[in-house]
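Next up, start-v2.txt (compact mmCIF, C-alpha atoms):
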# COMPACT_ATOMS: atom_id res chain seq x y z
CA MET B 1 -20.85 -27.22 -16.69
CA ARG B 2 -22.78 -24.84 -18.93
CA THR B 3 -26.54 -24.57 -18.50
CA THR B 4 -29.35 -22.02 -18.86
CA ALA B 5 -31.00 -19.93 -16.16
CA TYR B 6 -33.37 -17.01 -15.71
CA LEU B 7 -31.51 -14.04 -14.27
CA VAL B 8 -32.83 -10.95 -12.54
CA GLU B 9 -30.31 -8.26 -13.45
CA GLU B 10 -31.68 -5.24 -11.59
CA PRO B 11 -33.99 -4.69 -8.61
CA GLY B 12 -37.52 -5.57 -9.72
CA GLY B 13 -36.31 -6.42 -13.22
CA ASP B 14 -37.76 -9.01 -15.57
CA PHE B 15 -36.49 -12.56 -15.83
CA VAL B 16 -33.86 -12.83 -18.57
CA LEU B 17 -32.76 -16.17 -20.04
CA ALA B 18 -28.97 -16.55 -20.18
CA GLU B 19 -26.26 -19.17 -20.34
CA VAL B 20 -24.36 -19.67 -17.09
CA GLU B 21 -21.44 -21.73 -15.90
CA LEU B 22 -22.52 -23.91 -12.98
CA GLU B 23 -19.81 -25.29 -10.72
CA GLU B 24 -19.39 -29.01 -10.24
CA PRO B 25 -21.04 -30.17 -7.00
CA ARG B 26 -18.79 -30.13 -3.95
CA ASP B 27 -18.61 -33.05 -1.51
CA ASP B 28 -21.77 -31.94 0.34
CA GLU B 29 -23.73 -30.96 -2.78
CA VAL B 30 -26.08 -32.57 -5.29
CA LEU B 31 -26.49 -31.70 -8.97
CA VAL B 32 -30.14 -31.82 -10.07
CA ARG B 33 -31.55 -31.53 -13.57
CA VAL B 34 -34.60 -29.40 -12.93
CA VAL B 35 -37.91 -30.68 -14.29
CA ALA B 36 -40.32 -28.15 -12.80
CA THR B 37 -40.38 -25.18 -10.42
CA GLY B 38 -43.27 -23.48 -8.71
CA LEU B 39 -43.54 -19.71 -9.01
CA CYS B 40 -43.95 -18.28 -5.53
CA HIS B 41 -44.61 -14.77 -4.21
CA THR B 42 -41.15 -14.84 -2.62
CA ASP B 43 -39.51 -15.29 -6.04
CA LEU B 44 -41.12 -12.03 -7.16
CA THR B 45 -40.59 -9.94 -4.02
CA VAL B 46 -37.05 -10.80 -2.92
CA PRO B 47 -35.38 -9.48 -6.13
CA THR B 48 -37.10 -6.12 -5.58
CA MET B 49 -35.40 -5.86 -2.19
CA LEU B 50 -31.85 -6.73 -3.23
CA PRO B 51 -29.16 -4.08 -3.81
CA GLN B 52 -27.57 -3.96 -7.24
CA GLU B 53 -24.35 -5.46 -5.89
CA MET B 54 -26.24 -8.72 -5.16
CA LEU B 55 -27.41 -8.99 -8.76
CA PRO B 56 -27.72 -10.68 -11.18
CA THR B 57 -29.37 -13.46 -9.23
CA VAL B 58 -31.26 -16.66 -9.95
CA VAL B 59 -34.25 -17.36 -7.72
CA GLY B 60 -36.64 -20.32 -7.64
CA HIS B 61 -37.19 -22.38 -4.49
CA GLU B 62 -39.88 -24.93 -5.34
CA GLY B 63 -37.81 -27.12 -7.64
CA THR B 64 -38.22 -30.74 -8.58
CA GLY B 65 -35.90 -32.80 -10.73
CA VAL B 66 -33.63 -35.75 -11.30
CA VAL B 67 -30.28 -36.18 -9.54
CA GLU B 68 -27.34 -36.26 -11.97
CA LYS B 69 -24.35 -36.12 -9.58
CA VAL B 70 -23.85 -36.64 -5.86
CA GLY B 71 -20.99 -35.31 -3.72
CA ALA B 72 -18.80 -37.78 -1.85
CA ALA B 73 -20.11 -36.73 1.59
CA VAL B 74 -23.80 -37.01 0.67
CA SER B 75 -25.74 -40.05 1.87
CA GLY B 76 -29.30 -41.15 1.19
CA ILE B 77 -29.40 -39.67 -2.32
CA GLU B 78 -28.30 -41.43 -5.48
CA VAL B 79 -27.88 -40.56 -9.14
CA GLY B 80 -31.23 -41.04 -10.87
CA ASP B 81 -33.32 -40.24 -7.78
CA HIS B 82 -36.30 -37.93 -8.21
CA VAL B 83 -36.29 -35.13 -5.65
CA VAL B 84 -38.29 -32.19 -4.36
CA MET B 85 -36.01 -29.30 -3.35
CA SER B 86 -37.14 -27.18 -0.40
CA PHE B 87 -35.56 -24.67 2.01
CA ARG B 88 -32.17 -25.17 3.66
CA SER B 89 -31.12 -25.45 7.30
CA CYS B 90 -27.78 -26.15 8.94
CA ARG B 91 -29.07 -29.09 11.02
CA ALA B 92 -26.52 -28.24 13.73
CA CYS B 93 -27.65 -25.10 15.62
CA GLY B 94 -29.95 -25.05 18.66
CA PRO B 95 -33.26 -24.65 16.78
CA CYS B 96 -32.27 -27.28 14.20
CA THR B 97 -31.28 -29.89 16.78
CA ALA B 98 -34.58 -29.20 18.56
CA GLY B 99 -36.41 -30.01 15.31
CA ASP B 100 -37.29 -26.40 14.47
CA VAL B 101 -35.37 -26.26 11.18
CA GLY B 102 -37.40 -23.33 9.85
CA TYR B 103 -35.82 -21.20 12.57
CA CYS B 104 -32.25 -22.23 11.79
CA GLU B 105 -29.75 -19.63 13.00
CA GLN B 106 -28.11 -19.70 9.55
CA SER B 107 -31.39 -19.41 7.62
CA LEU B 108 -30.76 -15.95 6.17
CA LEU B 109 -27.37 -16.93 4.79
CA LEU B 110 -28.40 -20.37 3.57
CA ASN B 111 -31.63 -19.29 1.86
CA TYR B 112 -31.61 -15.63 0.87
CA MET B 113 -28.09 -14.38 0.24
CA GLY B 114 -27.45 -16.17 -3.05
CA MET B 115 -24.23 -17.78 -1.93
CA ARG B 116 -22.80 -20.74 -0.05
CA ALA B 117 -22.03 -20.53 3.66
CA ASP B 118 -18.38 -19.74 2.80
CA GLY B 119 -19.42 -16.77 0.63
CA SER B 120 -18.76 -18.43 -2.73
CA THR B 121 -21.36 -18.57 -5.50
CA THR B 122 -22.31 -21.54 -7.66
CA MET B 123 -22.76 -19.68 -10.96
CA ARG B 124 -21.09 -17.29 -13.37
CA ARG B 125 -22.46 -15.84 -16.56
CA ALA B 126 -21.03 -17.81 -19.46
CA SER B 127 -18.42 -15.98 -21.55
CA ALA B 128 -15.99 -16.82 -24.34
CA ASP B 129 -12.95 -16.07 -22.18
CA GLY B 130 -14.21 -18.16 -19.25
CA ASP B 131 -14.15 -15.17 -16.89
CA GLY B 132 -17.85 -14.26 -16.83
CA GLN B 133 -19.78 -12.12 -14.38
CA THR B 134 -20.58 -13.48 -10.92
CA VAL B 135 -24.19 -14.69 -10.65
CA PHE B 136 -25.75 -15.09 -7.23
CA GLY B 137 -27.27 -18.56 -7.16
CA ASN B 138 -27.91 -20.94 -4.25
CA PHE B 139 -31.25 -19.27 -3.48
CA PHE B 140 -32.88 -21.55 -0.88
CA GLY B 141 -30.03 -23.92 -1.64
CA GLN B 142 -31.19 -24.46 -5.21
CA SER B 143 -31.89 -21.44 -7.50
CA SER B 144 -34.22 -23.65 -9.50
CA PHE B 145 -35.19 -21.08 -12.15
CA ALA B 146 -32.49 -22.86 -14.11
CA ARG B 147 -32.06 -26.02 -16.15
CA HIS B 148 -29.69 -27.42 -13.51
CA ALA B 149 -29.36 -26.66 -9.80
CA ILE B 150 -26.90 -27.31 -7.00
CA ALA B 151 -28.75 -28.56 -3.90
CA TYR B 152 -28.03 -30.36 -0.62
CA ALA B 153 -29.01 -33.43 1.37
CA ASP B 154 -30.83 -31.28 3.94
CA ASN B 155 -33.19 -29.77 1.35
CA CYS B 156 -33.62 -32.67 -1.13
CA VAL B 157 -36.53 -35.01 -0.50
CA VAL B 158 -36.36 -38.22 -2.51
CA VAL B 159 -39.78 -39.19 -3.91
CA ASP B 160 -41.25 -42.14 -5.78
CA LYS B 161 -40.25 -42.03 -9.45
CA ARG B 162 -43.82 -42.81 -10.46
CA LEU B 163 -45.05 -39.46 -9.15
CA ASP B 164 -45.51 -36.45 -11.45
CA LEU B 165 -42.80 -33.94 -10.50
CA THR B 166 -44.74 -31.05 -12.05
CA ARG B 167 -47.48 -31.55 -9.44
CA LEU B 168 -45.07 -31.90 -6.53
CA ALA B 169 -43.15 -28.62 -7.01
CA PRO B 170 -45.47 -26.53 -4.75
CA PHE B 171 -44.98 -29.05 -1.94
CA ALA B 172 -41.53 -27.47 -1.46
CA CYS B 173 -42.92 -24.21 -0.06
CA GLY B 174 -46.46 -22.96 -0.79
CA PHE B 175 -48.41 -26.15 -0.13
CA GLN B 176 -46.04 -27.10 2.69
CA THR B 177 -46.57 -23.76 4.43
CA GLY B 178 -50.36 -23.78 4.27
CA ALA B 179 -50.88 -27.44 5.06
CA GLY B 180 -48.02 -27.52 7.57
CA THR B 181 -49.64 -24.70 9.53
CA VAL B 182 -52.79 -26.79 9.95
CA LEU B 183 -50.92 -30.01 10.74
CA ASN B 184 -48.10 -28.68 12.91
CA VAL B 185 -49.43 -25.47 14.47
CA LEU B 186 -53.21 -25.79 14.72
CA ASP B 187 -53.73 -29.56 14.94
CA PRO B 188 -57.50 -28.92 14.92
CA LYS B 189 -60.26 -31.16 16.18
CA PRO B 190 -63.16 -31.76 13.78
CA ASP B 191 -65.45 -29.41 15.72
CA GLU B 192 -62.95 -26.51 15.86
CA PRO B 193 -63.79 -24.02 13.08
CA ILE B 194 -61.04 -22.51 10.94
CA VAL B 195 -61.14 -19.30 8.89
CA VAL B 196 -58.60 -18.72 6.13
CA PHE B 197 -58.01 -15.26 4.71
CA GLY B 198 -56.67 -15.45 1.15
CA ALA B 199 -57.40 -18.35 -1.19
CA GLY B 200 -54.09 -18.56 -3.01
CA ALA B 201 -51.82 -21.59 -2.99
CA VAL B 202 -50.98 -21.31 0.72
CA GLY B 203 -54.55 -20.67 1.83
CA LEU B 204 -56.13 -23.37 -0.32
CA ALA B 205 -53.52 -25.90 0.80
CA ALA B 206 -54.60 -25.15 4.37
CA VAL B 207 -58.25 -25.60 3.37
CA ALA B 208 -57.50 -28.86 1.54
CA VAL B 209 -55.69 -30.52 4.42
CA ALA B 210 -58.17 -29.22 7.03
CA ARG B 211 -61.07 -30.72 5.13
CA GLY B 212 -59.03 -33.87 4.50
CA LEU B 213 -58.55 -34.20 8.26
CA GLY B 214 -62.29 -33.88 8.82
CA VAL B 215 -62.58 -30.30 10.09
CA GLU B 216 -66.30 -29.65 9.83
CA THR B 217 -66.41 -25.86 9.42
CA VAL B 218 -63.89 -24.03 7.25
CA VAL B 219 -64.57 -20.45 6.15
CA VAL B 220 -62.56 -18.78 3.39
CA VAL B 221 -62.41 -15.03 2.75
CA ASP B 222 -61.21 -13.86 -0.67
CA PRO B 223 -62.34 -11.15 -3.14
CA VAL B 224 -61.68 -13.31 -6.25
CA ALA B 225 -64.78 -15.27 -7.28
CA SER B 226 -62.87 -18.07 -9.02
CA ARG B 227 -60.83 -18.74 -5.90
CA ARG B 228 -63.90 -18.72 -3.70
CA ALA B 229 -65.37 -21.32 -6.04
CA VAL B 230 -62.34 -23.56 -5.57
CA ALA B 231 -62.67 -23.24 -1.79
CA GLU B 232 -66.33 -24.22 -2.02
CA GLU B 233 -65.37 -27.36 -3.95
CA TYR B 234 -63.55 -28.48 -0.80
CA GLY B 235 -66.72 -27.94 1.22
CA ALA B 236 -65.68 -24.60 2.69
CA THR B 237 -67.97 -21.62 3.03
CA ALA B 238 -66.58 -18.71 1.02
CA LEU B 239 -67.12 -15.02 1.77
CA ASP B 240 -66.58 -12.03 -0.51
CA PRO B 241 -65.06 -9.25 1.64
CA THR B 242 -66.02 -6.64 -0.97
CA GLU B 243 -69.73 -7.53 -1.00
CA ALA B 244 -71.80 -4.35 -0.83
CA ASP B 245 -74.14 -3.80 2.11
CA ALA B 246 -72.91 -6.94 3.87
CA ALA B 247 -72.05 -7.08 7.54
CA PRO B 248 -68.37 -6.71 8.46
CA VAL B 249 -66.33 -9.79 7.62
CA GLU B 250 -65.57 -10.63 11.23
CA GLU B 251 -69.27 -10.60 12.10
CA ARG B 252 -70.10 -12.90 9.19
CA VAL B 253 -67.34 -15.29 10.25
CA LYS B 254 -68.66 -15.33 13.82
CA ALA B 255 -72.18 -16.08 12.58
CA LEU B 256 -70.88 -19.05 10.57
CA THR B 257 -68.68 -20.46 13.33
CA GLY B 258 -70.93 -20.23 16.36
CA GLY B 259 -69.36 -17.14 17.89
CA GLY B 260 -65.94 -17.09 16.31
CA ALA B 261 -63.32 -19.31 14.73
CA ALA B 262 -61.04 -21.39 16.91
CA TYR B 263 -58.24 -20.73 14.43
CA ALA B 264 -57.50 -18.13 11.78
CA ILE B 265 -54.82 -18.17 9.09
CA ASP B 266 -53.86 -15.01 7.22
CA THR B 267 -52.01 -15.38 3.91
CA THR B 268 -52.64 -11.86 2.59
CA ALA B 269 -50.18 -9.78 4.66
CA ILE B 270 -52.66 -6.90 4.41
CA ALA B 271 -52.77 -5.07 7.74
CA SER B 272 -56.53 -4.45 7.71
CA VAL B 273 -57.20 -8.11 6.87
CA VAL B 274 -54.97 -9.34 9.71
CA LEU B 275 -57.04 -7.17 12.06
CA GLN B 276 -60.24 -8.74 10.70
CA ALA B 277 -58.75 -12.17 11.30
CA GLN B 278 -57.97 -11.35 14.91
CA ARG B 279 -61.48 -10.04 15.53
CA ALA B 280 -63.05 -13.09 13.85
CA LEU B 281 -61.65 -15.41 16.54
CA ARG B 282 -63.50 -16.73 19.57
CA SER B 283 -62.00 -16.26 23.03
CA ARG B 284 -58.57 -17.90 23.31
CA GLY B 285 -58.50 -18.39 19.55
CA LEU B 286 -55.24 -18.51 17.61
CA LEU B 287 -54.29 -16.41 14.58
CA VAL B 288 -51.29 -17.46 12.47
CA ALA B 289 -49.99 -14.76 10.12
CA LEU B 290 -48.18 -16.28 7.14
CA GLY B 291 -48.07 -13.53 4.53
CA LEU B 292 -45.09 -11.41 3.53
CA GLY B 293 -46.05 -7.84 2.74
CA ALA B 294 -47.05 -5.15 5.23
CA PRO B 295 -44.11 -4.12 7.47
CA GLU B 296 -46.44 -3.58 10.44
CA TYR B 297 -49.80 -4.91 11.66
CA THR B 298 -52.34 -3.16 13.87
CA ILE B 299 -53.60 -5.33 16.70
CA ASP B 300 -56.83 -4.62 18.60
CA ALA B 301 -55.33 -4.47 22.08
CA ILE B 302 -58.66 -4.35 23.92
CA ASP B 303 -59.93 -7.41 22.06
CA LEU B 304 -56.63 -9.19 22.69
CA LEU B 305 -56.45 -8.44 26.41
CA GLN B 306 -60.09 -9.30 27.08
CA SER B 307 -60.13 -12.57 25.16
CA GLY B 308 -56.83 -14.38 25.66
CA LYS B 309 -56.36 -14.62 21.91
CA VAL B 310 -52.94 -15.49 20.50
CA VAL B 311 -51.39 -13.85 17.43
CA ARG B 312 -48.27 -15.52 16.04
CA SER B 313 -46.40 -16.27 12.85
CA SER B 314 -44.99 -19.46 11.40
CA ILE B 315 -42.08 -20.15 9.09
CA GLU B 316 -42.97 -22.80 6.50
CA GLY B 317 -45.78 -24.10 8.71
CA GLU B 318 -43.23 -25.37 11.27
CA ALA B 319 -42.28 -27.97 8.66
CA ASP B 320 -39.14 -30.03 8.31
CA PRO B 321 -39.17 -30.74 4.56
CA LEU B 322 -37.65 -34.18 5.10
CA VAL B 323 -40.67 -35.05 7.27
CA THR B 324 -43.57 -32.88 6.12
CA ILE B 325 -43.22 -33.32 2.35
CA PRO B 326 -43.42 -37.14 2.56
CA GLN B 327 -46.34 -36.75 4.99
CA LEU B 328 -48.22 -34.52 2.54
CA ILE B 329 -47.48 -36.84 -0.37
CA GLY B 330 -48.91 -39.68 1.71
CA LEU B 331 -52.06 -37.68 2.43
CA ARG B 332 -52.32 -36.86 -1.27
CA GLU B 333 -52.03 -40.51 -2.23
CA ALA B 334 -54.72 -41.36 0.35
CA GLY B 335 -57.09 -38.78 -1.17
CA ARG B 336 -56.93 -36.47 1.86
CA PHE B 337 -54.87 -33.67 0.32
CA ASP B 338 -56.42 -33.00 -3.08
CA VAL B 339 -54.31 -30.21 -4.58
CA ASP B 340 -53.32 -31.30 -8.09
CA HIS B 341 -56.03 -29.15 -9.69
CA LEU B 342 -54.59 -26.02 -8.05
CA VAL B 343 -51.53 -26.26 -10.35
CA THR B 344 -51.37 -24.57 -13.77
CA THR B 345 -48.30 -25.52 -15.80
CA TYR B 346 -46.35 -23.25 -18.16
CA PRO B 347 -43.36 -23.98 -20.38
CA PHE B 348 -40.36 -22.23 -18.84
CA GLU B 349 -40.12 -19.97 -21.90
CA LYS B 350 -43.55 -18.60 -20.90
CA ILE B 351 -42.30 -17.36 -17.55
CA ALA B 352 -43.62 -13.84 -18.24
CA ASP B 353 -47.13 -15.25 -18.69
CA ALA B 354 -46.84 -17.19 -15.45
CA VAL B 355 -45.74 -14.04 -13.60
CA ALA B 356 -48.60 -12.00 -15.05
CA ASP B 357 -51.20 -14.65 -14.21
CA SER B 358 -49.81 -15.02 -10.70
CA ARG B 359 -50.00 -11.29 -10.07
CA SER B 360 -53.53 -11.02 -11.47
CA GLY B 361 -54.77 -13.92 -9.38
CA SER B 362 -56.20 -15.70 -12.42
CA VAL B 363 -54.38 -18.92 -11.46
CA VAL B 364 -53.77 -20.40 -8.04
CA LYS B 365 -50.33 -21.93 -8.48
CA PRO B 366 -48.17 -21.49 -11.59
CA VAL B 367 -45.56 -24.18 -12.16
CA LEU B 368 -42.85 -23.75 -14.79
CA VAL B 369 -41.82 -26.87 -16.68
CA TRP B 370 -38.65 -27.46 -18.71
CA GLY B 371 -39.03 -29.32 -22.00
CA GLU B 372 -36.87 -32.29 -22.82
As structure tokens, what does this structure read like?
Amino acid sequence: MRTTAYLVEEPGGDFVLAEVELEEPRDDEVLVRVVATGLCHTDLTVPTMLPQEMLPTVVGHEGTGVVEKVGAAVSGIEVGDHVVMSFRSCRACGPCTAGDVGYCEQSLLLNYMGMRADGSTTMRRASADGDGQTVFGNFFGQSSFARHAIAYADNCVVVDKRLDLTRLAPFACGFQTGAGTVLNVLDPKPDEPIVVFGAGAVGLAAVAVARGLGVETVVVVDPVASRRAVAEEYGATALDPTEADAAPVEERVKALTGGGAAYAIDTTAIASVVLQAQRALRSRGLLVALGLGAPEYTIDAIDLLQSGKVVRSSIEGEADPLVTIPQLIGLREAGRFDVDHLVTTYPFEKIADAVADSRSGSVVKPVLVWGE
């Protein structure tokens, strides 16, 4: 079928609207008419890292939409269902069968390479002669910066049709990662303080669910005043790391948490900030680094060896989308995961504005919405 998509044609290039030919869904695939897609940091960084031979590509991995066709081998999904599309996993390797689908042995191929597991692509650039240019789609098993997407049973979460799909798009990755880290990795008690570095979509989702679970002390560190204000609306204490003449951030965090946070989450991927996060922990505290950016981090070895602290990462907050997304929607419906106001919607034709606002930090979570 012919549809429209936003292509990246060169490394770091702008998004260009074009007509593409999208293949019919195979037996294990689902055709989704995209309603909305969150704009994530990954959508902006991955195309800068791809060689020219893997372009043009279509990214987008926080898609929501309505199912239009279902392959013969797909069960549990029907035409007309409303779905949230998240990351893919093979569901058959060792990590997957152990429940650790974020660590799937096929994750790189299934999510980042822009092709199916057999090496085929789902899209071609539309042309009059029917022999258009190959387009690398299938990003995170969806490539949802398009009017239609090919997805799969393992990354499609069926949701109640009464729910607003524009608000659910970030549940596919950003909100899932931040909240999932609190739920699945930290599992904090109310009296265990948490510090979050970076108050973007991932960080504020962590704050929202932590406060929703009753964590008494949550500290947020971010240089952007508007984002600190949002954190304070959740009942967090917000610190400005650029404040002149203030004590070092780690000392201020320790003063607010009775000697150090039990848990720290870094979403910035800035090496110096990760070091602050480590030092802000109490003995045997846990730091989870979530950001994608700096290729290396500096760890304070003396602090680490004298304190029993743990520094680790997490992929998607240890989430299984088929489990965690419904869990988060349930918490949202119960008033314990209040994140709707973090979303700013843009018509898809305003994608350049959404990118600019995302990079400037003037909005927390841009979501692109297709018109009827």
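For Thr242 of chain B, the set of protein, DNA and RNA residues having any atom at most 12 Å away, when counting only C-alpha atoms and skipping those fewer than 5 positions along the same chain, is Val221, Asp222, Pro223, Val224, Ala225, Ala247, Pro248, Val249 and Val273 of chain B.
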Would you compute the distance between atom CA of Val195 of chain B and atom CA of Ser313 of chain B? Give it in Å to one decimal.
15.6 Å
Contacts of Val220 of chain B at 8 Å (all atoms listed in the file; same-chain gap of 3+ positions) as an mmCIF file with C-alpha atoms, keeping the file's coordinate frame:
data_model
loop_
_atom_site.group_PDB
_atom_site.id
_atom_site.type_symbol
_atom_site.label_atom_id
_atom_site.label_comp_id
_atom_site.auth_asym_id
_atom_site.auth_seq_id
_atom_site.Cartn_x
_atom_site.Cartn_y
_atom_site.Cartn_z
ATOM 1 C CA VAL B 195 -61.140 -19.300 8.890
ATOM 2 C CA VAL B 196 -58.600 -18.720 6.130
ATOM 3 C CA PHE B 197 -58.010 -15.260 4.710
ATOM 4 C CA GLY B 198 -56.670 -15.450 1.150
ATOM 5 C CA ALA B 199 -57.400 -18.350 -1.190
ATOM 6 C CA ARG B 228 -63.900 -18.720 -3.700
ATOM 7 C CA ALA B 231 -62.670 -23.240 -1.790
ATOM 8 C CA ALA B 236 -65.680 -24.600 2.690
ATOM 9 C CA THR B 237 -67.970 -21.620 3.030
ATOM 10 C CA ALA B 238 -66.580 -18.710 1.020
ATOM 11 C CA LEU B 239 -67.120 -15.020 1.770
#
Nearest to Arg88 of chain B among B:Ser107, B:Thr177, B:Thr324, B:Thr37, with distances taken over only C-alpha atoms: which residue is it?
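For Arg88 of chain B, the nearest of the given residues is B:Ser107.
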List as a list in words the residues having at least one atom at most 10 Å from position (-29.6, -12.3, -5.7) as given in the file, counting all atoms listed in the file.
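Those within range, by chain then number, are Leu7, Val8, Glu9, Glu10, Pro11, Val46, Pro47, Thr48, Met49, Leu50, Pro51, Gln52, Glu53, Met54, Leu55, Pro56, Thr57, Val58, Val59, Tyr112, Met113, Gly114, Met115, Val135, Phe136, Gly137, Asn138, Phe139 and Ser143 of chain B.
By all atoms listed in the file, and with residues fewer than 4 positions from Gly200 of chain B along its chain excluded, the set lying at most 8 Å from it is B:Leu204, B:Arg227, B:Thr267, B:Gly361, B:Val364, B:Lys365.
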Just the residues within 8 Å of Leu322 of chain B, please, counting only C-alpha atoms, with nothing from its chain fewer than 6 positions along; format it as a tab-separated table (two decimals) with C-alpha atoms, keeping the file's coordinate frame.
chain	number	residue	atom	x	y	z
B	154	ASP	CA	-30.83	-31.28	3.94
B	155	ASN	CA	-33.19	-29.77	1.35
B	156	CYS	CA	-33.62	-32.67	-1.13
B	157	VAL	CA	-36.53	-35.01	-0.50
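Closest approach to Gly308 of chain B from the set B:Leu287, B:Val323, B:Ala356, B:Leu328 is made by B:Leu287, with distances taken over only C-alpha atoms.
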Atom CA of Ile265 of chain B to atom CA of Pro295 of chain B, straight-line distance in Å:
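One can read the atom CA of Pro295 of chain B to atom CA of Ile265 of chain B distance as 17.7 Å.
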Using Å and a single decimal, report how far atom CA of Asp320 of chain B sits from atom CA of Glu216 of chain B.
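Answer for the atom CA of Glu216 of chain B to atom CA of Asp320 of chain B separation: 27.2 Å.
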Give me the residues within 9 Å of Leu168 of chain B as a JSON list (two decimals) with C-alpha atoms, in the frame of the given file, counting all atoms listed in the file and dropping any in the same chain fewer than 3 places off.
[["chain", "number", "residue", "atom", "x", "y", "z"],
["B", 36, "ALA", "CA", -40.32, -28.15, -12.80],
["B", 38, "GLY", "CA", -43.27, -23.48, -8.71],
["B", 62, "GLU", "CA", -39.88, -24.93, -5.34],
["B", 63, "GLY", "CA", -37.81, -27.12, -7.64],
["B", 64, "THR", "CA", -38.22, -30.74, -8.58],
["B", 84, "VAL", "CA", -38.29, -32.19, -4.36],
["B", 163, "LEU", "CA", -45.05, -39.46, -9.15],
["B", 164, "ASP", "CA", -45.51, -36.45, -11.45],
["B", 165, "LEU", "CA", -42.80, -33.94, -10.50],
["B", 171, "PHE", "CA", -44.98, -29.05, -1.94],
["B", 172, "ALA", "CA", -41.53, -27.47, -1.46],
["B", 329, "ILE", "CA", -47.48, -36.84, -0.37],
["B", 340, "ASP", "CA", -53.32, -31.30, -8.09]]
Among listed residues B:Ile325, B:Ala262, B:Met123, B:Ala205, nearest Val339 of chain B (using only C-alpha atoms):
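Counting only C-alpha atoms, the residue closest to Val339 of chain B is B:Ala205.
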Select, from B:Ala201, B:Ile150, B:Leu183, B:Val355, the residue with the minimum atom-to-atom distance to Thr45 of chain B, counting only C-alpha atoms.
B:Val355
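Ranking B:Ala289, B:Ala73, B:Val158, B:Ala128 by their shortest atom-to-atom distance to Glu316 of chain B, with all atoms listed in the file included, puts B:Ala289 first.
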With N, CA and C atoms as the goal, would you fill in the gaps in segment 204-216 of chain B and present it as an mmCIF file, keeping the file's coordinate frame?
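And here is the file that came out, selection39.cif:
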data_model
loop_
_atom_site.group_PDB
_atom_site.id
_atom_site.type_symbol
_atom_site.label_atom_id
_atom_site.label_comp_id
_atom_site.auth_asym_id
_atom_site.auth_seq_id
_atom_site.Cartn_x
_atom_site.Cartn_y
_atom_site.Cartn_z
ATOM 1 N N LEU B 204 -55.358 -22.214 0.137
ATOM 2 C CA LEU B 204 -56.130 -23.370 -0.320
ATOM 3 C C LEU B 204 -55.482 -24.686 0.111
ATOM 4 N N ALA B 205 -54.156 -24.706 0.252
ATOM 5 C CA ALA B 205 -53.520 -25.900 0.800
ATOM 6 C C ALA B 205 -53.964 -26.126 2.246
ATOM 7 N N ALA B 206 -54.106 -25.035 2.996
ATOM 8 C CA ALA B 206 -54.600 -25.150 4.370
ATOM 9 C C ALA B 206 -56.040 -25.667 4.374
ATOM 10 N N VAL B 207 -56.860 -25.146 3.472
ATOM 11 C CA VAL B 207 -58.250 -25.600 3.370
ATOM 12 C C VAL B 207 -58.296 -27.077 3.007
ATOM 13 N N ALA B 208 -57.492 -27.469 2.016
ATOM 14 C CA ALA B 208 -57.500 -28.860 1.540
ATOM 15 C C ALA B 208 -57.159 -29.834 2.640
ATOM 16 N N VAL B 209 -56.099 -29.552 3.391
ATOM 17 C CA VAL B 209 -55.690 -30.520 4.420
ATOM 18 C C VAL B 209 -56.653 -30.475 5.603
ATOM 19 N N ALA B 210 -57.203 -29.293 5.928
ATOM 20 C CA ALA B 210 -58.170 -29.220 7.030
ATOM 21 C C ALA B 210 -59.402 -30.054 6.714
ATOM 22 N N ARG B 211 -59.907 -29.921 5.517
ATOM 23 C CA ARG B 211 -61.070 -30.720 5.130
ATOM 24 C C ARG B 211 -60.692 -32.201 5.033
ATOM 25 N N GLY B 212 -59.478 -32.481 4.560
ATOM 26 C CA GLY B 212 -59.030 -33.870 4.500
ATOM 27 C C GLY B 212 -58.909 -34.515 5.863
ATOM 28 N N LEU B 213 -58.640 -33.698 6.891
ATOM 29 C CA LEU B 213 -58.550 -34.200 8.260
ATOM 30 C C LEU B 213 -59.907 -34.285 8.931
ATOM 31 N N GLY B 214 -60.945 -33.783 8.256
ATOM 32 C CA GLY B 214 -62.290 -33.880 8.820
ATOM 33 C C GLY B 214 -62.766 -32.670 9.572
ATOM 34 N N VAL B 215 -62.093 -31.511 9.436
ATOM 35 C CA VAL B 215 -62.580 -30.300 10.090
ATOM 36 C C VAL B 215 -63.929 -29.935 9.472
ATOM 37 N N GLU B 216 -64.933 -29.788 10.314
ATOM 38 C CA GLU B 216 -66.300 -29.650 9.830
ATOM 39 C C GLU B 216 -66.611 -28.278 9.249
#
